[in-house]
file coords_9.txt (compact mmCIF, C-alpha atoms and all ligand atoms)
# COMPACT_ATOMS: atom_id res chain seq x y z
CA MET A 1 7.56 10.94 17.67
CA ILE A 2 7.33 12.51 14.22
CA THR A 3 4.07 14.16 13.17
CA LEU A 4 3.32 14.80 9.51
CA ASN A 5 0.16 16.29 8.08
CA VAL A 6 -1.88 15.38 5.03
CA ASP A 7 -3.17 18.76 3.98
CA LEU A 8 -6.67 18.35 2.56
CA GLU A 9 -8.50 21.34 4.04
CA GLU A 10 -11.44 20.10 6.13
CA ARG A 11 -10.31 16.50 5.57
CA SER A 12 -6.70 17.10 6.71
CA TYR A 13 -5.25 14.61 9.16
CA PRO A 14 -2.03 13.80 11.02
CA ILE A 15 0.30 10.84 10.59
CA PHE A 16 2.02 9.94 13.86
CA ILE A 17 5.19 7.86 13.50
CA GLY A 18 7.21 6.54 16.43
CA GLN A 19 7.77 3.93 19.10
CA ASP A 20 5.29 3.03 21.88
CA LEU A 21 2.44 5.00 20.31
CA LEU A 22 -0.03 2.24 21.15
CA ASP A 23 0.60 2.93 24.84
CA ASP A 24 -0.72 6.47 24.62
CA LYS A 25 -4.50 6.85 24.88
CA SER A 26 -4.36 10.62 24.69
CA LEU A 27 -2.88 10.56 21.19
CA ILE A 28 -5.83 8.87 19.50
CA SER A 29 -8.86 10.04 21.48
CA PRO A 30 -9.14 13.50 19.83
CA TYR A 31 -9.80 11.65 16.54
CA VAL A 32 -12.79 9.67 17.81
CA SER A 33 -15.92 11.77 17.58
CA GLY A 34 -18.69 9.46 18.80
CA LYS A 35 -18.95 6.92 21.62
CA GLN A 36 -18.78 3.80 19.47
CA VAL A 37 -15.69 2.12 18.07
CA VAL A 38 -15.20 -1.05 16.01
CA ILE A 39 -11.66 -2.41 15.79
CA VAL A 40 -11.12 -4.52 12.68
CA THR A 41 -8.10 -6.81 12.58
CA ASN A 42 -7.20 -10.35 11.56
CA GLU A 43 -6.47 -13.65 13.26
CA THR A 44 -2.67 -13.16 13.04
CA ILE A 45 -2.55 -9.63 14.42
CA ALA A 46 -5.25 -10.03 17.09
CA PRO A 47 -3.13 -12.15 19.48
CA LEU A 48 -0.25 -9.68 19.09
CA TYR A 49 -1.86 -6.25 19.42
CA LEU A 50 -5.62 -6.38 19.96
CA ASP A 51 -5.49 -6.15 23.79
CA LYS A 52 -3.24 -3.10 23.60
CA VAL A 53 -5.44 -1.37 21.05
CA PHE A 54 -8.66 -2.36 22.85
CA ALA A 55 -7.25 -0.65 25.95
CA LEU A 56 -6.95 2.60 24.00
CA PHE A 57 -10.74 2.59 23.65
CA SER A 58 -11.73 1.58 27.18
CA ASP A 59 -13.88 4.72 27.45
CA TYR A 60 -15.97 3.77 24.41
CA GLN A 61 -18.51 1.12 23.46
CA CYS A 62 -15.95 -0.99 21.63
CA GLU A 63 -16.51 -4.03 19.40
CA THR A 64 -13.92 -6.12 17.59
CA VAL A 65 -14.17 -7.90 14.25
CA ILE A 66 -11.47 -10.49 13.55
CA LEU A 67 -11.19 -11.41 9.88
CA PRO A 68 -9.29 -14.32 8.32
CA ASP A 69 -5.76 -13.41 7.24
CA GLY A 70 -4.84 -13.04 3.59
CA GLU A 71 -5.10 -11.15 0.33
CA ILE A 72 -7.58 -13.79 -0.90
CA TYR A 73 -10.10 -12.51 1.66
CA LYS A 74 -9.85 -8.92 0.39
CA THR A 75 -13.11 -9.30 -1.48
CA TYR A 76 -16.54 -7.75 -1.52
CA GLU A 77 -17.90 -10.66 0.57
CA GLY A 78 -14.89 -10.31 2.88
CA ILE A 79 -16.07 -6.98 4.27
CA LEU A 80 -19.58 -8.23 5.11
CA PRO A 81 -18.64 -9.34 8.65
CA ILE A 82 -17.73 -5.72 9.38
CA ILE A 83 -20.99 -4.37 7.96
CA ASP A 84 -22.99 -7.15 9.68
CA ARG A 85 -21.54 -6.26 13.08
CA LEU A 86 -22.24 -2.56 12.58
CA MET A 87 -25.84 -3.36 11.63
CA GLU A 88 -26.38 -5.87 14.46
CA LYS A 89 -25.13 -3.35 17.02
CA GLN A 90 -27.09 -0.55 15.32
CA PHE A 91 -23.99 1.62 15.37
CA ASP A 92 -24.76 5.15 14.28
CA ARG A 93 -23.13 7.58 11.88
CA ARG A 94 -20.71 8.74 14.57
CA VAL A 95 -19.10 5.31 14.90
CA THR A 96 -15.33 5.14 14.27
CA LEU A 97 -13.81 2.08 12.60
CA VAL A 98 -10.21 1.28 13.50
CA ALA A 99 -8.06 -0.66 11.03
CA LEU A 100 -5.43 -2.60 12.98
CA GLY A 101 -3.18 -4.41 10.52
CA GLY A 102 -1.45 -4.31 7.16
CA GLY A 103 -2.68 -2.99 3.85
CA VAL A 104 -5.32 -5.68 3.46
CA ILE A 105 -7.06 -4.80 6.73
CA GLY A 106 -6.55 -1.08 6.06
CA ASP A 107 -8.10 -1.20 2.59
CA MET A 108 -11.04 -3.38 3.71
CA THR A 109 -11.82 -1.40 6.87
CA GLY A 110 -11.51 1.89 5.01
CA TYR A 111 -13.92 0.66 2.36
CA ALA A 112 -16.41 -0.57 4.97
CA ALA A 113 -16.18 2.89 6.57
CA ALA A 114 -16.73 4.53 3.17
CA ILE A 115 -19.97 2.67 2.49
CA TYR A 116 -21.58 2.11 5.92
CA ARG A 117 -24.39 4.67 6.23
CA ARG A 118 -22.79 6.41 3.21
CA GLY A 119 -19.59 7.08 5.10
CA VAL A 120 -18.34 7.02 8.71
CA ASN A 121 -14.98 7.88 10.27
CA PHE A 122 -12.02 5.54 10.46
CA ILE A 123 -8.52 5.47 11.89
CA GLN A 124 -5.53 3.64 10.46
CA ILE A 125 -3.18 1.73 12.80
CA PRO A 126 -0.81 0.18 10.23
CA THR A 127 1.31 -2.72 11.46
CA THR A 128 3.33 -3.68 8.36
CA LEU A 129 6.11 -1.65 6.81
CA LEU A 130 4.13 -1.51 3.58
CA ALA A 131 1.11 -0.08 5.36
CA GLN A 132 3.23 2.39 7.37
CA VAL A 133 4.95 3.79 4.26
CA ASP A 134 2.08 3.68 1.82
CA SER A 135 -1.35 2.11 2.15
CA SER A 136 -2.49 3.77 5.40
CA VAL A 137 -1.97 7.24 3.92
CA GLY A 138 -3.99 8.81 1.14
CA GLY A 139 -7.48 7.39 1.48
CA LYS A 140 -7.51 4.73 -1.23
CA THR A 141 -9.77 1.99 0.10
CA GLY A 142 -11.25 -1.06 -1.55
CA VAL A 143 -11.25 -4.74 -2.37
CA ASN A 144 -10.14 -6.99 -5.24
CA HIS A 145 -12.21 -8.56 -7.98
CA PRO A 146 -11.17 -11.94 -9.45
CA LEU A 147 -10.46 -10.07 -12.71
CA GLY A 148 -8.56 -7.15 -11.25
CA LYS A 149 -6.80 -5.76 -8.15
CA ASN A 150 -8.50 -3.03 -6.10
CA MET A 151 -11.21 -2.63 -8.73
CA ILE A 152 -14.00 -2.00 -6.21
CA GLY A 153 -13.34 0.91 -3.90
CA ALA A 154 -13.64 4.50 -2.83
CA PHE A 155 -11.49 7.44 -1.84
CA HIS A 156 -12.14 7.88 1.87
CA GLN A 157 -9.57 9.61 4.09
CA PRO A 158 -8.90 8.46 7.66
CA GLN A 159 -9.12 10.74 10.71
CA CYS A 160 -5.52 9.98 11.62
CA VAL A 161 -2.75 7.43 11.01
CA LEU A 162 -0.89 6.00 13.97
CA ALA A 163 2.23 4.11 12.90
CA ASP A 164 3.83 2.48 15.94
CA THR A 165 7.16 1.24 14.64
CA ASN A 166 7.43 -1.29 17.49
CA THR A 167 4.86 -3.41 15.66
CA LEU A 168 7.42 -4.05 12.91
CA ASN A 169 9.42 -6.22 15.34
CA THR A 170 6.97 -9.10 14.92
CA LEU A 171 6.79 -8.87 11.12
CA ASP A 172 8.51 -11.68 9.25
CA ASP A 173 11.46 -10.94 6.96
CA ARG A 174 9.54 -11.56 3.74
CA GLN A 175 6.86 -9.03 4.72
CA LEU A 176 9.50 -6.50 5.75
CA SER A 177 11.07 -6.83 2.29
CA ALA A 178 7.65 -6.41 0.66
CA GLY A 179 7.39 -3.05 2.45
CA LEU A 180 10.87 -2.08 1.27
CA ALA A 181 9.61 -2.37 -2.33
CA GLU A 182 7.24 0.57 -1.78
CA VAL A 183 10.05 2.50 -0.05
CA ILE A 184 12.29 1.98 -3.10
CA LYS A 185 9.38 3.20 -5.24
CA TYR A 186 9.56 6.68 -3.67
CA ALA A 187 13.27 6.89 -4.56
CA LEU A 188 12.63 5.90 -8.18
CA ILE A 189 9.77 8.38 -8.54
CA ASN A 190 11.60 11.50 -7.44
CA SER A 191 14.74 11.23 -5.37
CA LYS A 192 18.16 10.07 -6.46
CA GLU A 193 19.51 11.12 -3.03
CA PHE A 194 17.06 8.76 -1.34
CA PHE A 195 18.11 6.00 -3.77
CA VAL A 196 21.74 6.52 -2.69
CA TRP A 197 20.66 6.57 0.98
CA LEU A 198 18.77 3.30 0.48
CA ASN A 199 21.82 1.71 -1.16
CA ASN A 200 23.94 2.69 1.84
CA ASN A 201 21.37 1.76 4.47
CA MET A 202 19.81 -1.43 3.11
CA PRO A 203 21.65 -3.66 5.63
CA ALA A 204 20.44 -1.45 8.52
CA LEU A 205 16.86 -1.55 7.21
CA LYS A 206 16.92 -5.33 6.91
CA ASP A 207 18.31 -5.51 10.46
CA ARG A 208 15.36 -3.31 11.53
CA GLU A 209 17.60 -0.63 13.02
CA SER A 210 15.09 1.80 14.41
CA GLU A 211 16.79 4.99 13.20
CA ALA A 212 17.03 3.74 9.62
CA LEU A 213 13.43 2.48 9.60
CA ALA A 214 12.12 5.71 11.11
CA TYR A 215 13.90 7.76 8.43
CA ALA A 216 12.60 5.53 5.60
CA ILE A 217 9.03 5.73 6.94
CA GLU A 218 9.20 9.48 7.47
CA PHE A 219 10.65 10.09 3.98
CA SER A 220 8.01 7.90 2.35
CA CYS A 221 5.05 9.36 4.26
CA ARG A 222 6.23 12.93 3.73
CA ASP A 223 6.46 12.28 0.01
CA LYS A 224 3.09 10.55 -0.15
CA ALA A 225 1.38 13.23 1.97
CA GLU A 226 2.61 15.94 -0.42
CA VAL A 227 1.45 14.06 -3.51
CA VAL A 228 -1.97 13.27 -2.01
CA ALA A 229 -2.45 16.87 -0.86
CA ALA A 230 -1.78 18.05 -4.42
CA ASP A 231 -3.84 15.41 -6.23
CA GLU A 232 -6.15 13.53 -3.86
CA LYS A 233 -8.19 11.68 -6.47
CA GLU A 234 -5.41 10.92 -8.94
CA ALA A 235 -6.29 13.38 -11.68
CA GLY A 236 -2.57 13.66 -12.48
CA GLN A 237 0.65 13.34 -10.51
CA ARG A 238 -0.67 10.86 -7.90
CA ALA A 239 -0.53 8.26 -10.68
CA LEU A 240 3.27 8.36 -10.29
CA LEU A 241 2.78 6.49 -6.98
CA ASN A 242 1.69 3.57 -9.15
CA LEU A 243 5.18 3.03 -10.58
CA GLY A 244 5.49 -0.71 -11.19
CA HIS A 245 1.84 -1.30 -10.24
CA THR A 246 0.32 -1.93 -13.70
CA PHE A 247 2.79 -4.77 -14.27
CA GLY A 248 2.65 -5.72 -10.58
CA HIS A 249 -1.14 -5.94 -10.36
CA ALA A 250 -1.13 -8.17 -13.47
CA ILE A 251 1.42 -10.44 -11.76
CA GLU A 252 -0.57 -10.55 -8.49
CA THR A 253 -3.86 -11.28 -10.23
CA GLY A 254 -2.32 -13.62 -12.81
CA LEU A 255 -0.49 -15.75 -10.24
CA GLY A 256 -3.48 -15.81 -7.88
CA TYR A 257 -3.92 -13.39 -4.96
CA GLY A 258 -1.49 -14.15 -2.16
CA ASN A 259 0.98 -16.21 -4.20
CA CYS A 260 3.15 -13.21 -4.97
CA LEU A 261 2.95 -10.53 -2.25
CA HIS A 262 1.86 -7.05 -3.34
CA GLY A 263 5.28 -5.56 -2.54
CA GLU A 264 7.06 -8.38 -4.38
CA ALA A 265 4.90 -7.86 -7.46
CA VAL A 266 5.56 -4.10 -7.35
CA ALA A 267 9.32 -4.79 -7.14
CA ILE A 268 9.21 -6.91 -10.30
CA GLY A 269 6.88 -4.35 -11.90
CA MET A 270 9.39 -1.54 -11.24
CA ILE A 271 12.12 -3.59 -12.95
CA MET A 272 9.75 -4.13 -15.89
CA ALA A 273 9.10 -0.36 -16.06
CA ALA A 274 12.88 0.18 -16.08
CA ASP A 275 13.25 -2.47 -18.79
CA LEU A 276 10.69 -0.73 -21.01
CA SER A 277 12.38 2.63 -20.35
CA VAL A 278 15.74 1.14 -21.44
CA ARG A 279 14.14 -0.20 -24.64
CA HIS A 280 13.03 3.36 -25.48
CA GLY A 281 16.47 4.76 -24.70
CA TRP A 282 15.06 6.87 -21.84
CA ILE A 283 17.42 5.38 -19.27
CA ASP A 284 20.71 3.58 -19.63
CA GLN A 285 20.94 -0.16 -19.01
CA SER A 286 23.32 0.61 -16.11
CA VAL A 287 20.46 2.43 -14.35
CA GLN A 288 18.22 -0.61 -14.71
CA GLN A 289 21.07 -2.69 -13.29
CA GLN A 290 21.37 -0.40 -10.24
CA ILE A 291 17.61 -0.77 -9.67
CA ILE A 292 17.82 -4.56 -9.95
CA GLU A 293 20.70 -4.61 -7.48
CA LEU A 294 18.89 -2.46 -4.89
CA ILE A 295 15.74 -4.58 -5.21
CA GLY A 296 17.83 -7.75 -4.89
CA ALA A 297 19.63 -6.28 -1.85
CA ALA A 298 16.20 -5.84 -0.22
CA ASN A 299 15.70 -9.62 -0.65
CA LEU A 300 12.96 -9.03 -3.20
CA PRO A 301 12.43 -11.07 -6.36
CA THR A 302 13.70 -9.60 -9.62
CA GLN A 303 11.86 -12.07 -11.88
CA VAL A 304 8.29 -13.39 -11.86
CA PRO A 305 8.36 -16.38 -9.48
CA THR A 306 7.48 -19.84 -10.75
CA THR A 307 7.35 -21.45 -7.30
CA HIS A 308 3.56 -21.82 -7.18
CA ASN A 309 3.42 -23.71 -10.44
CA VAL A 310 1.30 -20.94 -11.93
CA LYS A 311 2.59 -19.26 -15.05
CA ILE A 312 1.84 -15.92 -16.61
CA SER A 313 1.95 -15.54 -20.39
CA VAL A 314 2.32 -12.42 -22.54
CA LYS A 315 -1.37 -12.72 -23.46
CA GLN A 316 -2.38 -12.84 -19.80
CA PHE A 317 -0.21 -9.81 -19.09
CA ILE A 318 -1.89 -7.93 -21.94
CA ASP A 319 -5.42 -8.95 -20.91
CA LEU A 320 -4.86 -8.05 -17.26
CA MET A 321 -3.14 -4.77 -18.08
CA ALA A 322 -6.01 -3.81 -20.39
CA GLY A 323 -8.26 -3.72 -17.32
CA ASP A 324 -5.89 -1.44 -15.37
CA LYS A 325 -7.27 1.69 -13.74
CA LYS A 326 -4.81 3.73 -15.80
CA VAL A 327 -6.54 2.77 -19.04
CA LEU A 328 -8.26 5.97 -20.14
CA ASP A 329 -10.45 6.04 -23.25
CA GLY A 330 -9.04 2.66 -24.17
CA GLN A 331 -5.44 3.83 -23.90
CA LEU A 332 -3.02 2.33 -21.36
CA HIS A 333 -0.88 4.80 -19.43
CA LEU A 334 2.32 3.62 -17.77
CA ILE A 335 4.72 5.14 -15.28
CA LEU A 336 8.20 4.97 -16.78
CA LEU A 337 11.62 6.37 -15.90
CA ASN A 338 13.67 9.08 -17.57
CA THR A 339 16.56 9.17 -15.08
CA LEU A 340 17.34 7.49 -11.80
CA GLY A 341 15.01 9.29 -9.39
CA ASN A 342 12.61 10.70 -11.97
CA SER A 343 9.46 9.05 -13.32
CA PHE A 344 6.73 10.24 -15.64
CA ILE A 345 3.34 9.05 -16.83
CA THR A 346 2.92 8.38 -20.53
CA ALA A 347 0.72 6.68 -23.08
CA ASP A 348 3.41 7.40 -25.66
CA PHE A 349 5.36 4.15 -25.64
CA GLU A 350 5.83 1.69 -28.50
CA LEU A 351 3.65 -1.39 -28.34
CA ASP A 352 6.40 -3.53 -29.88
CA LYS A 353 8.74 -2.54 -27.11
CA LEU A 354 6.10 -3.23 -24.48
CA LYS A 355 5.66 -6.69 -25.99
CA GLN A 356 9.42 -7.27 -25.79
CA THR A 357 9.39 -6.38 -22.09
CA LEU A 358 6.44 -8.70 -21.46
CA GLU A 359 8.21 -11.50 -23.37
CA ALA A 360 11.31 -11.00 -21.21
CA PHE A 361 9.29 -11.40 -17.99
CA ALA A 362 6.48 -13.82 -18.93
CA THR A 363 6.88 -17.33 -17.54
CA GLY A 364 4.50 -19.30 -19.72
P1 LIG A 401 -1.07 -7.70 4.56
O1 LIG A 401 -2.02 -6.72 5.06
O2 LIG A 401 -1.57 -8.96 3.97
O3 LIG A 401 -0.06 -8.06 5.74
C1 LIG A 401 0.98 -8.96 5.50
C2 LIG A 401 1.01 -10.12 6.52
O4 LIG A 401 1.59 -9.66 7.72
C3 LIG A 401 -0.35 -10.67 6.90
O5 LIG A 401 -0.26 -12.05 7.08
C4 LIG A 401 -0.64 -9.99 8.23
O6 LIG A 401 -1.53 -10.71 9.04
C5 LIG A 401 0.74 -9.95 8.83
N1 LIG A 401 1.00 -8.89 9.80
C6 LIG A 401 0.55 -7.62 9.75
N2 LIG A 401 1.13 -6.91 10.73
C7 LIG A 401 1.93 -7.74 11.42
C8 LIG A 401 2.78 -7.58 12.51
N3 LIG A 401 3.00 -6.41 13.07
N4 LIG A 401 3.44 -8.67 12.99
C9 LIG A 401 3.28 -9.88 12.38
N5 LIG A 401 2.50 -10.09 11.31
C10 LIG A 401 1.83 -9.02 10.84
O7 LIG A 401 -0.09 -7.06 3.46
P2 LIG A 401 0.53 -5.60 3.28
O8 LIG A 401 1.77 -5.81 2.52
O9 LIG A 401 0.57 -4.86 4.55
O10 LIG A 401 -0.55 -4.87 2.36
C11 LIG A 401 -0.79 -5.27 1.04
C12 LIG A 401 -2.12 -4.74 0.59
O11 LIG A 401 -2.08 -3.31 0.63
C13 LIG A 401 -2.51 -5.13 -0.81
O12 LIG A 401 -3.84 -5.57 -0.82
C14 LIG A 401 -2.38 -3.84 -1.59
O13 LIG A 401 -3.26 -3.78 -2.67
C15 LIG A 401 -2.71 -2.81 -0.54
N6 LIG A 401 -2.15 -1.49 -0.81
C16 LIG A 401 -2.99 -0.44 -0.72
C17 LIG A 401 -2.51 0.85 -0.92
C18 LIG A 401 -3.43 2.02 -0.75
O14 LIG A 401 -3.03 3.14 -1.07
N7 LIG A 401 -4.62 1.83 -0.22
C19 LIG A 401 -1.16 1.05 -1.24
C20 LIG A 401 -0.33 -0.04 -1.32
C21 LIG A 401 -0.84 -1.32 -1.10
N1 LIG A 402 -0.38 3.39 -3.67
C1 LIG A 402 -0.73 4.36 -4.66
C2 LIG A 402 -1.54 5.49 -4.14
O1 LIG A 402 -1.88 5.58 -2.99
O2 LIG A 402 -1.90 6.34 -4.90

call {"tool": "encode", "arguments": {"input": "coords_9.txt", "output": "structure tokens", "more": "lines below"}}
Ligand code: NAD
Ligand code: GLY
result
Amino acid sequence: MITLNVDLEERSYPIFIGQDLLDDKSLISPYVSGKQVVIVTNETIAPLYLDKVFALFSDYQCETVILPDGEIYKTYEGILPIIDRLMEKQFDRRVTLVALGGGVIGDMTGYAAAIYRRGVNFIQIPTTLLAQVDSSVGGKTGVNHPLGKNMIGAFHQPQCVLADTNTLNTLDDRQLSAGLAEVIKYALINSKEFFVWLNNNMPALKDRESEALAYAIEFSCRDKAEVVAADEKEAGQRALLNLGHTFGHAIETGLGYGNCLHGEAVAIGMIMAADLSVRHGWIDQSVQQQIIELIGAANLPTQVPTTHNVKISVKQFIDLMAGDKKVLDGQLHLILLNTLGNSFITADFELDKLKQTLEAFATG
């Protein structure tokens, strides 16, 4: 087992990464302060892992909430079943919520924990690659609005993150690839060496070889833990973790939540960020090509999909991007690249060039 730490003074917490972690009651119990626990999961994950996780809390008054599965349910109304159960059972401020699932369950459960009685504890048990490398760490919680991704939310850190890599064995290939998009993101933000490693190890990752997956998860979490410790609430460098996300969120929202997976949209968004960087002369076209090839090798899309018969126009891109969380005082900030393995945040890009990138990727 690997243990990393997110260093946030009194809100610091460990990330445990390894196999068979869901078999070990003693690992999680120090992070449950009260006697009451609510496990939140969904109808896909419950038959796979709920019994195992329920057994971890046999010494507590433990309730389960099983939500419908899908990004379309990550809404304000979608969290009400969690709040309703907490209210019905009159659970007190020492209750611990447990998020058992991917990023959707993690974000929703974390947000419910942030607002119930003005904030109670929660634990992340991420079961997708995307959640194990990104969403379970760092305390961003929230839900979508029809007009924008993750627009309603709160920063609320978990008590611990328990990433049992065995759970990845039941994940389908498309979801595994979606997680690889966020792994590639860490390489593009600040590590050429990791980019080279990913190039060499992509077949092993797709074959779910445990050593390769463990290294990719550890690298990603270590990187994210450092960034979050330095800039918890995204006053500066944490924004780099949103590489590809401004374009990606527009794609996700524009195509309809769930039609393009979050990781897939981020993959296309990172290629768009590279495209805009090439247009400014900040990176060479050959670098963009290497990024496209790695993303393609991860079985991720490199163009906006048209399979759902929904199109996204330049105007839609512009409208959706105008509502991005990185618009400050009316000015859009983007994460762009200045070498392979180095990204930066800037509002200093040419609008004409942005329009050219959008035209190259718009589908309608
Ligand atoms: P997801 O939570 O929808 O999970 C993907 C699918 O896999 C779902 O159908 C789920 O039921 C299923 N699943 C989960 N674990 C499984 C397992 N072990 N075996 C079989 N099936 C399993 O999607 P995701 O990619 O994990 O998360 C995407 C969400 O995360 C988006 O809403 C995104 O906005 C959010 N996100 C948040 C952060 C953050 O910092 N909070 C960061 C990145 C992404
Ligand atoms: N996924 C971006 C962040 O956590 O900041």

call {"tool": "closest_residue", "arguments": {"input": "coords_9.txt", "among": "A:Val53, A:Val137, A:Leu86, A:Leu8", "to": "ligand LIG 402 (chain A)", "atoms": "only C-alpha atoms and all ligand atoms"}}
result
A:Val137

call {"tool": "residues_around", "arguments": {"input": "coords_9.txt", "residues": "Met272 of chain A", "least_positions_apart": "4", "cutoff": "7 Å", "atoms": "all atoms listed in the file", "output": "number ranges by chain"}}
result
A: 268, 276, 357

call {"tool": "residues_near_ligand", "arguments": {"input": "coords_9.txt", "ligand": "ligand LIG 402 (chain A)", "cutoff": "10 Å", "atoms": "all atoms listed in the file", "output": "ChimeraX atom specification"}}
result
/A:130-131,133-141,155,182,185,224-225,227-228,231-234,237-243,245

call {"tool": "residues_around", "arguments": {"input": "coords_9.txt", "residues": "segment 28-30 of chain A", "least_positions_apart": "5", "cutoff": "9 Å", "atoms": "only C-alpha atoms", "output": "count of residues only"}}
result
6

call {"tool": "closest_residue", "arguments": {"input": "coords_9.txt", "among": "A:Asn338, A:Asn201, A:Asn299, A:Thr170", "to": "Asp284 of chain A", "atoms": "only C-alpha atoms"}}
result
A:Asn338

call {"tool": "closest_residue", "arguments": {"input": "coords_9.txt", "among": "A:Gln303, A:Gln132, A:Thr346, A:Gln316", "to": "Ala360 of chain A", "atoms": "all atoms listed in the file"}}
result
A:Gln303

call {"tool": "residues_around", "arguments": {"input": "coords_9.txt", "residues": "Glu252 of chain A", "least_positions_apart": "3", "cutoff": "9 Å", "atoms": "all atoms listed in the file", "output": "VMD selection string"}}
result
chain A and resid 149 247 to 249 255 to 262 264 to 266

call {"tool": "closest_residue", "arguments": {"input": "coords_9.txt", "among": "A:Lys74, A:Arg93, A:Lys52, A:Arg118", "to": "ligand LIG 401 (chain A)", "atoms": "all atoms listed in the file"}}
result
A:Lys74

call {"tool": "build_atoms", "arguments": {"input": "coords_9.txt", "residues": "segment 334-351 of chain A", "atoms": "N, CA and C atoms", "output": "PDB file, in the coordinates of the input"}}
result
ATOM      1  N   LEU A 334       1.344   4.288 -18.636  1.00  0.00           N
ATOM      2  CA  LEU A 334       2.320   3.620 -17.770  1.00  0.00           C
ATOM      3  C   LEU A 334       3.212   4.658 -17.102  1.00  0.00           C
ATOM      4  N   ILE A 335       3.739   4.283 -15.942  1.00  0.00           N
ATOM      5  CA  ILE A 335       4.720   5.140 -15.280  1.00  0.00           C
ATOM      6  C   ILE A 335       6.089   4.586 -15.670  1.00  0.00           C
ATOM      7  N   LEU A 336       6.879   5.421 -16.321  1.00  0.00           N
ATOM      8  CA  LEU A 336       8.200   4.970 -16.780  1.00  0.00           C
ATOM      9  C   LEU A 336       9.260   5.938 -16.234  1.00  0.00           C
ATOM     10  N   LEU A 337      10.528   5.601 -16.510  1.00  0.00           N
ATOM     11  CA  LEU A 337      11.620   6.370 -15.900  1.00  0.00           C
ATOM     12  C   LEU A 337      12.381   7.153 -16.966  1.00  0.00           C
ATOM     13  N   ASN A 338      12.782   8.403 -16.626  1.00  0.00           N
ATOM     14  CA  ASN A 338      13.670   9.080 -17.570  1.00  0.00           C
ATOM     15  C   ASN A 338      15.034   9.418 -16.990  1.00  0.00           C
ATOM     16  N   THR A 339      15.226   9.224 -15.703  1.00  0.00           N
ATOM     17  CA  THR A 339      16.560   9.170 -15.080  1.00  0.00           C
ATOM     18  C   THR A 339      16.369   8.380 -13.804  1.00  0.00           C
ATOM     19  N   LEU A 340      17.472   8.119 -13.106  1.00  0.00           N
ATOM     20  CA  LEU A 340      17.340   7.490 -11.800  1.00  0.00           C
ATOM     21  C   LEU A 340      16.786   8.545 -10.849  1.00  0.00           C
ATOM     22  N   GLY A 341      15.605   8.296 -10.282  1.00  0.00           N
ATOM     23  CA  GLY A 341      15.010   9.290  -9.390  1.00  0.00           C
ATOM     24  C   GLY A 341      14.082  10.247 -10.113  1.00  0.00           C
ATOM     25  N   ASN A 342      13.595   9.864 -11.271  1.00  0.00           N
ATOM     26  CA  ASN A 342      12.610  10.700 -11.970  1.00  0.00           C
ATOM     27  C   ASN A 342      11.721   9.834 -12.859  1.00  0.00           C
ATOM     28  N   SER A 343      10.417   9.851 -12.550  1.00  0.00           N
ATOM     29  CA  SER A 343       9.460   9.050 -13.320  1.00  0.00           C
ATOM     30  C   SER A 343       8.431   9.953 -13.970  1.00  0.00           C
ATOM     31  N   PHE A 344       7.767   9.447 -14.971  1.00  0.00           N
ATOM     32  CA  PHE A 344       6.730  10.240 -15.640  1.00  0.00           C
ATOM     33  C   PHE A 344       5.639   9.295 -16.140  1.00  0.00           C
ATOM     34  N   ILE A 345       4.457   9.868 -16.330  1.00  0.00           N
ATOM     35  CA  ILE A 345       3.340   9.050 -16.830  1.00  0.00           C
ATOM     36  C   ILE A 345       3.209   9.302 -18.329  1.00  0.00           C
ATOM     37  N   THR A 346       3.028   8.211 -19.083  1.00  0.00           N
ATOM     38  CA  THR A 346       2.920   8.380 -20.530  1.00  0.00           C
ATOM     39  C   THR A 346       2.066   7.280 -21.171  1.00  0.00           C
ATOM     40  N   ALA A 347       1.397   7.677 -22.240  1.00  0.00           N
ATOM     41  CA  ALA A 347       0.720   6.680 -23.080  1.00  0.00           C
ATOM     42  C   ALA A 347       1.521   6.543 -24.371  1.00  0.00           C
ATOM     43  N   ASP A 348       2.638   7.283 -24.432  1.00  0.00           N
ATOM     44  CA  ASP A 348       3.410   7.400 -25.660  1.00  0.00           C
ATOM     45  C   ASP A 348       4.601   6.441 -25.660  1.00  0.00           C
ATOM     46  N   PHE A 349       4.293   5.165 -25.564  1.00  0.00           N
ATOM     47  CA  PHE A 349       5.360   4.150 -25.640  1.00  0.00           C
ATOM     48  C   PHE A 349       5.028   3.240 -26.818  1.00  0.00           C
ATOM     49  N   GLU A 350       6.064   2.532 -27.316  1.00  0.00           N
ATOM     50  CA  GLU A 350       5.830   1.690 -28.500  1.00  0.00           C
ATOM     51  C   GLU A 350       5.330   0.314 -28.079  1.00  0.00           C
ATOM     52  N   LEU A 351       4.254  -0.105 -28.721  1.00  0.00           N
ATOM     53  CA  LEU A 351       3.650  -1.390 -28.340  1.00  0.00           C
ATOM     54  C   LEU A 351       4.609  -2.558 -28.571  1.00  0.00           C
TER      55      LEU A 351
END
